[in-house]
Amino acid sequence: YSKAVAEDLHRMGYQIILHLPMEPYEKFRLEKNTIMTSMEEPAIIDIVRKDLGSVPYAAGVSNHMGSKATEDMRTMGIIFKELRKKRLYFLDSLVSGESVCWDVANRMHLGFIKRDVFLDNEENAEYIRGQLNKLKMRAAFYGQAVGIGHDRKITLEVLKEEMPKLKKEGYKFVFVSQLLR
């Protein structure tokens, strides 16, 4: 339903980010269109183009999994070259502390940002609230912060409850593209 959801969200004024499957170190539950570091450049480009074609109005791309791919300069260079052509940014989900994405994006003059806090590594409301508090503290200290999470029921319920409170405290929710460096 990606295309229909993207079209509906675009009509409602939201920005769309393609969550691009990339090779992790763990080899379980890989999607058929996962970008692998062993792939030749044309195969990688084909996946990027097909996936972007399936999600209209994408303003940027983030990595789904990708602990191995985001550590590989060649792979990320191929992906970023394609993103730059299409004037898209990259949001690094930062699934690896050894990610080369910032260096490659900077060298290629590609819009880039990384996540600061992962909200729901645990499917637990109190854990998610704690992560939102970390996000809030980071935003207060640095002037901005990026949180990412899953579209799980518990995550959405906590966000629905907590976002109005954060807004009352003066925090503003913006599109990722407004925070690019």
# chains A, B, ... in the order shown; residues from 1 in each chain; ligands from 1

$ select_by_dssp --residues "range 6-168 of chain A" --states "alpha helix (DSSP H)" --output "PyMOL selection string"
chain A and resi 6-11+41-54+73-85+101-108+125-142+153-168

$ write_last_selection --atoms "C-alpha atoms" --output "PDB file, in the first residue's frame"
ATOM      1  CA  ALA A   6       2.322   8.178   0.134  1.00  0.00           C
ATOM      2  CA  GLU A   7      -0.240   9.857  -2.118  1.00  0.00           C
ATOM      3  CA  ASP A   8      -2.701  10.323   0.763  1.00  0.00           C
ATOM      4  CA  LEU A   9      -0.034  11.702   3.108  1.00  0.00           C
ATOM      5  CA  HIS A  10       1.290  14.030   0.412  1.00  0.00           C
ATOM      6  CA  ARG A  11      -2.234  15.391  -0.127  1.00  0.00           C
ATOM      7  CA  GLU A  41      26.350  -0.819  -9.422  1.00  0.00           C
ATOM      8  CA  PRO A  42      23.539  -1.334 -12.011  1.00  0.00           C
ATOM      9  CA  ALA A  43      21.680  -3.674  -9.638  1.00  0.00           C
ATOM     10  CA  ILE A  44      21.898  -1.163  -6.779  1.00  0.00           C
ATOM     11  CA  ILE A  45      20.725   1.690  -8.993  1.00  0.00           C
ATOM     12  CA  ASP A  46      17.844  -0.454 -10.262  1.00  0.00           C
ATOM     13  CA  ILE A  47      16.615  -1.141  -6.709  1.00  0.00           C
ATOM     14  CA  VAL A  48      16.896   2.528  -5.719  1.00  0.00           C
ATOM     15  CA  ARG A  49      14.959   3.639  -8.807  1.00  0.00           C
ATOM     16  CA  LYS A  50      12.259   0.954  -8.473  1.00  0.00           C
ATOM     17  CA  ASP A  51      11.767   1.647  -4.786  1.00  0.00           C
ATOM     18  CA  LEU A  52      11.576   5.393  -5.354  1.00  0.00           C
ATOM     19  CA  GLY A  53       9.074   4.701  -8.133  1.00  0.00           C
ATOM     20  CA  SER A  54       6.899   2.768  -5.708  1.00  0.00           C
ATOM     21  CA  MET A  73      31.719   3.501   1.072  1.00  0.00           C
ATOM     22  CA  ARG A  74      31.239   2.004  -2.393  1.00  0.00           C
ATOM     23  CA  THR A  75      27.625   0.976  -1.771  1.00  0.00           C
ATOM     24  CA  MET A  76      26.635   4.245  -0.136  1.00  0.00           C
ATOM     25  CA  GLY A  77      28.422   6.233  -2.855  1.00  0.00           C
ATOM     26  CA  ILE A  78      26.329   4.507  -5.526  1.00  0.00           C
ATOM     27  CA  ILE A  79      23.107   5.123  -3.602  1.00  0.00           C
ATOM     28  CA  PHE A  80      23.997   8.733  -2.813  1.00  0.00           C
ATOM     29  CA  LYS A  81      24.896   9.494  -6.427  1.00  0.00           C
ATOM     30  CA  GLU A  82      21.360   8.445  -7.362  1.00  0.00           C
ATOM     31  CA  LEU A  83      19.816  10.464  -4.530  1.00  0.00           C
ATOM     32  CA  ARG A  84      21.791  13.561  -5.496  1.00  0.00           C
ATOM     33  CA  LYS A  85      20.522  13.290  -9.094  1.00  0.00           C
ATOM     34  CA  CYS A 101      27.175   7.893   5.502  1.00  0.00           C
ATOM     35  CA  TRP A 102      28.072  11.321   6.903  1.00  0.00           C
ATOM     36  CA  ASP A 103      31.510  11.261   5.255  1.00  0.00           C
ATOM     37  CA  VAL A 104      30.179  10.078   1.887  1.00  0.00           C
ATOM     38  CA  ALA A 105      27.230  12.505   1.917  1.00  0.00           C
ATOM     39  CA  ASN A 106      29.475  15.412   2.907  1.00  0.00           C
ATOM     40  CA  ARG A 107      31.979  14.599   0.164  1.00  0.00           C
ATOM     41  CA  MET A 108      29.140  14.368  -2.392  1.00  0.00           C
ATOM     42  CA  ALA A 125       5.010   2.556  26.715  1.00  0.00           C
ATOM     43  CA  GLU A 126       7.238   3.633  29.611  1.00  0.00           C
ATOM     44  CA  TYR A 127      10.383   2.862  27.610  1.00  0.00           C
ATOM     45  CA  ILE A 128       9.054   4.952  24.688  1.00  0.00           C
ATOM     46  CA  ARG A 129       8.218   7.838  27.046  1.00  0.00           C
ATOM     47  CA  GLY A 130      11.760   7.629  28.402  1.00  0.00           C
ATOM     48  CA  GLN A 131      13.166   7.773  24.881  1.00  0.00           C
ATOM     49  CA  LEU A 132      10.965  10.788  24.106  1.00  0.00           C
ATOM     50  CA  ASN A 133      12.413  12.433  27.207  1.00  0.00           C
ATOM     51  CA  LYS A 134      15.940  11.766  25.868  1.00  0.00           C
ATOM     52  CA  LEU A 135      14.877  13.290  22.552  1.00  0.00           C
ATOM     53  CA  LYS A 136      13.474  16.326  24.361  1.00  0.00           C
ATOM     54  CA  MET A 137      16.689  16.830  26.362  1.00  0.00           C
ATOM     55  CA  ARG A 138      18.797  16.519  23.228  1.00  0.00           C
ATOM     56  CA  ALA A 139      16.615  19.052  21.392  1.00  0.00           C
ATOM     57  CA  ALA A 140      16.850  21.440  24.336  1.00  0.00           C
ATOM     58  CA  PHE A 141      20.647  21.178  24.398  1.00  0.00           C
ATOM     59  CA  TYR A 142      21.380  21.187  20.640  1.00  0.00           C
ATOM     60  CA  LYS A 153       0.345   0.618  17.760  1.00  0.00           C
ATOM     61  CA  ILE A 154       2.027   1.287  21.129  1.00  0.00           C
ATOM     62  CA  THR A 155       4.442   3.808  19.607  1.00  0.00           C
ATOM     63  CA  LEU A 156       1.632   5.693  17.878  1.00  0.00           C
ATOM     64  CA  GLU A 157      -0.476   5.705  21.054  1.00  0.00           C
ATOM     65  CA  VAL A 158       2.382   7.134  23.127  1.00  0.00           C
ATOM     66  CA  LEU A 159       3.142   9.772  20.492  1.00  0.00           C
ATOM     67  CA  LYS A 160      -0.521  10.763  20.304  1.00  0.00           C
ATOM     68  CA  GLU A 161      -0.515  11.242  24.075  1.00  0.00           C
ATOM     69  CA  GLU A 162       2.897  12.896  24.477  1.00  0.00           C
ATOM     70  CA  MET A 163       3.197  15.175  21.436  1.00  0.00           C
ATOM     71  CA  PRO A 164       0.592  17.704  22.674  1.00  0.00           C
ATOM     72  CA  LYS A 165       2.420  17.887  26.016  1.00  0.00           C
ATOM     73  CA  LEU A 166       5.732  18.514  24.258  1.00  0.00           C
ATOM     74  CA  LYS A 167       4.141  21.224  22.114  1.00  0.00           C
ATOM     75  CA  LYS A 168       2.792  22.926  25.250  1.00  0.00           C
TER      76      LYS A 168
END

$ atom_distance --atom1 "CA of Lys86 in chain A" --atom2 "CA of Ala59 in chain A"
9.2 Å

$ closest_residue --among "A:His19, A:His109, A:Lys114, A:Arg152" --to "His64 in chain A" --atoms "only C-alpha atoms"
A:His19

$ select_by_dssp --residues "chain A" --states "strand (DSSP E or B)" --output "PyMOL selection string"
chain A and resi 16-22+35+58-65+89-92+112-114+117-118+147-148

$ atom_distance --atom1 "CA of Ser67 in chain A" --atom2 "CA of Ser93 in chain A"
9.5 Å

$ atom_distance --atom1 "CA of Glu26 in chain A" --atom2 "CA of Glu122 in chain A"
18.9 Å

$ closest_residue --among "A:Leu110, A:Leu91, A:Val146, A:Met36" --to "Ala69 in chain A" --atoms "only C-alpha atoms"
A:Met36

$ closest_residue --among "A:Val100, A:Val61, A:Leu94, A:Val55" --to "Val176 in chain A" --atoms "only C-alpha atoms"
A:Val61

$ closest_residue --among "A:Ser2, A:Asn63, A:Ala58, A:Lys68" --to "Pro24 in chain A" --atoms "only C-alpha atoms"
A:Lys68
